[in-house]
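Here's the structure, in C-alpha cells; my notes come after.
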Number of protein chains: 2
Amino acid sequence: MGPLASAQFMLRLTLLTPATRDQDHLPAVLWSDPRVPDRTAARLAGGEDPLPWLARGILGLEAAGCGAIAIPCNTAHGWYEGMATATNLPVLHIVDAAAEELARQGIPNGRIGVMGTAGTLAMRLYQERLEGRGYACIVPDEAEMASLVSPGIALVKANRVAEAYPPLAEAARNLRARGAAAVVLGCTEIPLGIQAGPHAEIGLPLIDTIDALALAALRWSGHLPA
Amino acid sequence: MGPLASAQFMLRLTLLTPATRDQDHLPAVLWSDPRVPDRTAARLAGGEDPLPWLARGILGLEAAGCGAIAIPCNTAHGWYEGMATATNLPVLHIVDAAAEELARQGIPNGRIGVMGTAGTLAMRLYQERLEGRGYACIVPDEAEMASLVSPGIALVKANRVAEAYPPLAEAARNLRARGAAAVVLGCTEIPLGIQAGPHAEIGLPLIDTIDALALAALRWSGHLPA
C-alpha cells in the first residue's frame with residue numbers, strides 16, 4: 001500500500017530486533033503492492049473495493065511460507081475481517097499493537113488523540129477498539145482533516161516527507177490543546193512525516209503505529225518477550 | 001540477507017521513484033531471509049553453500065509474480081550464474097549497476113577504490129567487471145580489511161550503524177590517499193554505516209550500491225528513463 005511506510009516497517013522490524021549478525025534476524029517477506037485501490041476512497045467515495053487485492057497479498061505471503069501477517073497500513077484494517085477469513089495464519093491487528101504501545105508507554109487510560117486517514121476515522125477503527133480498553137478518543141475536526149492531516153499524508157505518499165511535517169505537527173498540537181494525553185499516529189505515513197521535523201517539540205507521547213506493529217511482530221516471533 | 005540493507009533497498013527504491021501517489025510506485029516483493037548462510041564464510045572458509053537458499057528466494061519471487069530480480073547483497077553475486085540459471089526472469093547485476101552509476105556520476109574510467117566483504121574482494125566480483133569496462137581497481141589491504149572494513153560491516157549487521165562509520169570512513173580515506181577517483185561501497189551494509197557519519201568529509205564520490213541497484217530496477221521497470 002503506502003510503499004514508503006512498508007519499507008520503513010521492514011527497517012524498523014530489523015532495527016528493533018536484538019541481533020548481532022544476519023542470522024539472528026527474523027525472516028520476512030514484504031508484499032508491497034502500491035496498486036491496491038485507495039482505501040479511503042473505497043470507503044467514503046464508492047471507489048474500487050481493495051479486498052481482492054489485499055487477499056491476493058495475503059495468499060502470496062502464505063504461499064511464501066510466512067507464519068503470521070502484519071499489515072503496515074491502518075486504513076486496510078477496515079477490511080480486517082475479510083483478510084483474516086482469507087487465511088489460516090494469524091493476522092496481527094495494528095490497533096491492538098497501538099494499544100499495547102500506549103500501555104507500554106505508561107498510558108493505561110484517559111483521553112487519546114487519534115490521527116489517521118479520513119477512512120480510518122470514519123470507520124471508527126481506533127475509537128471502537130480503544131474505547132473498549134478504557135480510552136476516550138478525540139480526532140481532528142473536518143477542517144483540520146482537510147487542511148492538515150489529509151494533505152500531510154498525501155505529501156508522504158508523494159515522497160515529500162519534509163513538507164509533511166508542519167501540517168501533521170500542527171494537527172497533533174491541536175489534539176494536545178484539546179486535552180489528549182498522547183496522540184496515536186494512526187496512519188503509517190504520519191510517523192514518516194512527523195519524524196522529518198523537530199517532533200519532540202510537540203510535547204506529548206506520539207504512538208508510532210509502524211513501530212507498534214513491528215514490536216507486535218517481534219513478540220509474535222519470539223525475538224522480543226511477549 | 002543483510003536485512004537492514006534489504007529494507008534500505010526498499011526505502012530507496014520508493015524514494016527514487018517519481019511518484020505523486022501510492023499507485024505511481026513500483027509493485028515489489030522483498031524476500032528477506034537473513035538465515036541464508038554467510039556468503040564470505042562459504043567462499044573463504046568452507047561454510048555452508050548459500051546457493052540453495054538463494055535459489056529458493058528467487059523461486060519464491062517468481063511464484064509471487066515478479067518480472068525481474070534484484071539482489072541487494074554484493075557477495076551473493078558470487079553465485080550469480082547459479083541464480084540466473086535458476087529462473088527465466090532477468091536478474092539485474094549489482095556490479096553492472098555500480099558501473100552505470102560511476103558513468104552517470106561522470107567517472108568513465110580511471111582508478112576506482114572498491115570496498116566490500118572479504119568474499120566479494122577474493123572472488124574479484126568488481127575487479128573483473130570493472131576492469132572489463134576500462135577501470136583499474138584498488139582494494140583495502142589485508143590489515144585494513146581485518147581492522148576496518150570487516151568490523152564495520154559486522155557492526156551494521158548488528159544494528160550498530162553509527163559505530164560503523166569511523167572504521168568504514170577510514171578505509172575509504174585510505175583508498176583516496178592511494179589515488180582512487182571514487183570508491184564503490186561494494187557491500188550493501190557499507191552505505192548504511194557511511195551515511196551514519198559526515199561522509200561528505202571523505203572528499204570523493206562514493207558509489208552507493210543500494211541506490212545503484214534501485215536505479216537499475218527503476219530503469220528496468222520504466223519508472224526512470226533507460
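Identifiers in the C-alpha cells: chain A, B, ... in order shown; residue index from 1 per chain; ligand index from 1 in order shown.
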Long-range neighbours of Leu148 in chain B as a VMD selection string, 10 Å cut-off, only C-alpha atoms, 6 positions minimum in chain: chain B and resid 140 142 164 to 172
Contact set, chain A to chain B: 10 Å, only C-alpha atoms, as a PyMOL selection string: chain A and resi 1-38+56-57+59-61+63-65+153-161
DSSP on the backbone: which residues in range 11-220 of chain B end up as strand (DSSP E)? Give the answer as a list of chain:residue names. B:Ala28, B:Val29, B:Leu30, B:Trp31, B:Ser32, B:Gly110, B:Arg111, B:Ile112, B:Gly113, B:Val114, B:Met115, B:Tyr135, B:Ala136, B:Cys137, B:Ile138, B:Ala182, B:Val183, B:Val184, B:Leu185, B:Leu206, B:Ile207, B:Asp208
For a test of reading the model, state the distance in Å between CA of Gly82 in chain B and CA of Arg133 in chain B, rounded to one decimal.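 CA of Arg133 in chain B lies 23.4 Å from CA of Gly82 in chain B.
Using only C-alpha atoms, the protein and nucleic acid residues lying no more than 10 Å from Pro205 in chain B, apart from those fewer than 5 places from it along its own chain, are Leu102, Gln105, Gly106, Ile107, Arg176, Ala180, Ala181, Ala182, Val183, Val184, His199 and Ala200 of chain B.
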Only all heavy atoms, please: the residues just picked out, written as a PDB file, in the first residue's frame.
ATOM      1  N   LEU B 102      28.814   4.895 -11.760  1.00  0.00           N
ATOM      2  CA  LEU B 102      30.097   5.582 -11.964  1.00  0.00           C
ATOM      3  C   LEU B 102      30.029   6.455 -13.220  1.00  0.00           C
ATOM      4  O   LEU B 102      30.411   7.630 -13.193  1.00  0.00           O
ATOM      5  CB  LEU B 102      31.230   4.560 -12.121  1.00  0.00           C
ATOM      6  CG  LEU B 102      31.837   3.984 -10.840  1.00  0.00           C
ATOM      7  CD1 LEU B 102      32.730   2.793 -11.181  1.00  0.00           C
ATOM      8  CD2 LEU B 102      32.643   5.048 -10.090  1.00  0.00           C
ATOM      9  N   GLN B 105      27.884   9.466 -12.806  1.00  0.00           N
ATOM     10  CA  GLN B 105      28.499  10.491 -11.973  1.00  0.00           C
ATOM     11  C   GLN B 105      29.742  11.086 -12.635  1.00  0.00           C
ATOM     12  O   GLN B 105      30.526  11.775 -11.984  1.00  0.00           O
ATOM     13  CB  GLN B 105      28.818   9.935 -10.584  1.00  0.00           C
ATOM     14  CG  GLN B 105      27.552   9.586  -9.806  1.00  0.00           C
ATOM     15  CD  GLN B 105      27.794   9.440  -8.303  1.00  0.00           C
ATOM     16  OE1 GLN B 105      28.768   9.934  -7.769  1.00  0.00           O
ATOM     17  NE2 GLN B 105      26.866   8.771  -7.632  1.00  0.00           N
ATOM     18  N   GLY B 106      29.926  10.793 -13.933  1.00  0.00           N
ATOM     19  CA  GLY B 106      30.999  11.458 -14.679  1.00  0.00           C
ATOM     20  C   GLY B 106      32.374  10.856 -14.469  1.00  0.00           C
ATOM     21  O   GLY B 106      33.385  11.558 -14.588  1.00  0.00           O
ATOM     22  N   ILE B 107      32.416   9.568 -14.140  1.00  0.00           N
ATOM     23  CA  ILE B 107      33.708   8.895 -13.946  1.00  0.00           C
ATOM     24  C   ILE B 107      33.780   7.734 -14.942  1.00  0.00           C
ATOM     25  O   ILE B 107      33.420   6.600 -14.614  1.00  0.00           O
ATOM     26  CB  ILE B 107      33.841   8.383 -12.490  1.00  0.00           C
ATOM     27  CG1 ILE B 107      33.588   9.542 -11.512  1.00  0.00           C
ATOM     28  CG2 ILE B 107      35.226   7.768 -12.239  1.00  0.00           C
ATOM     29  CD1 ILE B 107      33.192   9.105 -10.130  1.00  0.00           C
ATOM     30  N   ARG B 176      41.358   6.792  -1.060  1.00  0.00           N
ATOM     31  CA  ARG B 176      41.547   8.090  -1.707  1.00  0.00           C
ATOM     32  C   ARG B 176      43.035   8.463  -1.694  1.00  0.00           C
ATOM     33  O   ARG B 176      43.587   8.919  -2.706  1.00  0.00           O
ATOM     34  CB  ARG B 176      40.736   9.178  -0.993  1.00  0.00           C
ATOM     35  CG  ARG B 176      40.760  10.507  -1.748  1.00  0.00           C
ATOM     36  CD  ARG B 176      40.148  11.637  -0.955  1.00  0.00           C
ATOM     37  NE  ARG B 176      40.935  11.911   0.240  1.00  0.00           N
ATOM     38  CZ  ARG B 176      40.845  13.022   0.966  1.00  0.00           C
ATOM     39  NH1 ARG B 176      39.966  13.961   0.628  1.00  0.00           N
ATOM     40  NH2 ARG B 176      41.582  13.191   2.019  1.00  0.00           N
ATOM     41  N   ALA B 180      42.504   6.735  -5.542  1.00  0.00           N
ATOM     42  CA  ALA B 180      41.174   6.402  -6.077  1.00  0.00           C
ATOM     43  C   ALA B 180      40.423   7.687  -6.439  1.00  0.00           C
ATOM     44  O   ALA B 180      40.436   8.661  -5.685  1.00  0.00           O
ATOM     45  CB  ALA B 180      40.374   5.608  -5.048  1.00  0.00           C
ATOM     46  N   ALA B 181      39.772   7.674  -7.618  1.00  0.00           N
ATOM     47  CA  ALA B 181      38.951   8.812  -8.049  1.00  0.00           C
ATOM     48  C   ALA B 181      37.545   8.719  -7.468  1.00  0.00           C
ATOM     49  O   ALA B 181      36.806   9.704  -7.422  1.00  0.00           O
ATOM     50  CB  ALA B 181      38.862   8.836  -9.578  1.00  0.00           C
ATOM     51  N   ALA B 182      37.168   7.528  -7.048  1.00  0.00           N
ATOM     52  CA  ALA B 182      35.857   7.279  -6.432  1.00  0.00           C
ATOM     53  C   ALA B 182      35.993   5.971  -5.667  1.00  0.00           C
ATOM     54  O   ALA B 182      36.918   5.196  -5.923  1.00  0.00           O
ATOM     55  CB  ALA B 182      34.766   7.149  -7.487  1.00  0.00           C
ATOM     56  N   VAL B 183      35.087   5.753  -4.719  1.00  0.00           N
ATOM     57  CA  VAL B 183      35.077   4.473  -4.004  1.00  0.00           C
ATOM     58  C   VAL B 183      33.701   3.843  -4.152  1.00  0.00           C
ATOM     59  O   VAL B 183      32.676   4.491  -3.862  1.00  0.00           O
ATOM     60  CB  VAL B 183      35.449   4.636  -2.513  1.00  0.00           C
ATOM     61  CG1 VAL B 183      35.245   3.327  -1.759  1.00  0.00           C
ATOM     62  CG2 VAL B 183      36.895   5.102  -2.362  1.00  0.00           C
ATOM     63  N   VAL B 184      33.693   2.607  -4.635  1.00  0.00           N
ATOM     64  CA  VAL B 184      32.444   1.848  -4.697  1.00  0.00           C
ATOM     65  C   VAL B 184      32.231   1.177  -3.349  1.00  0.00           C
ATOM     66  O   VAL B 184      33.107   0.439  -2.875  1.00  0.00           O
ATOM     67  CB  VAL B 184      32.487   0.788  -5.818  1.00  0.00           C
ATOM     68  CG1 VAL B 184      31.223  -0.064  -5.778  1.00  0.00           C
ATOM     69  CG2 VAL B 184      32.642   1.445  -7.185  1.00  0.00           C
ATOM     70  N   HIS B 199      29.910  11.957   5.882  1.00  0.00           N
ATOM     71  CA  HIS B 199      30.625  11.288   4.786  1.00  0.00           C
ATOM     72  C   HIS B 199      31.098  12.251   3.708  1.00  0.00           C
ATOM     73  O   HIS B 199      32.014  11.923   2.947  1.00  0.00           O
ATOM     74  CB  HIS B 199      29.780  10.171   4.193  1.00  0.00           C
ATOM     75  CG  HIS B 199      28.427  10.622   3.776  1.00  0.00           C
ATOM     76  ND1 HIS B 199      28.180  11.146   2.549  1.00  0.00           N
ATOM     77  CD2 HIS B 199      27.253  10.633   4.430  1.00  0.00           C
ATOM     78  CE1 HIS B 199      26.895  11.463   2.471  1.00  0.00           C
ATOM     79  NE2 HIS B 199      26.308  11.167   3.599  1.00  0.00           N
ATOM     80  N   ALA B 200      30.512  13.465   3.639  1.00  0.00           N
ATOM     81  CA  ALA B 200      30.991  14.414   2.631  1.00  0.00           C
ATOM     82  C   ALA B 200      32.456  14.766   2.894  1.00  0.00           C
ATOM     83  O   ALA B 200      33.206  15.079   1.972  1.00  0.00           O
ATOM     84  CB  ALA B 200      30.133  15.675   2.638  1.00  0.00           C
TER      85      ALA B 200
END
CA of Trp220 in chain A and CA of Ala70 in chain A, how far apart in Å?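 For CA of Ala70 in chain A relative to CA of Trp220 in chain A, the distance reads 10.4 Å.
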Alpha helix (DSSP H) residues, from DSSP on the backbone, in range 32-206 of chain B, as an MDAnalysis selection string: chainID B and resid 39:44 51:63 80:85 94:104 118:122 125:131 142:144 150:157 161:177 190:194
Env of Thr40 in chain B: 10 Å cut, atoms = only C-alpha atoms, seq-sep filter 4 positions within chain, self excluded. Answer as a VMD selection string. chain B and resid 44 to 47 50 75 to 76 78 117 to 123
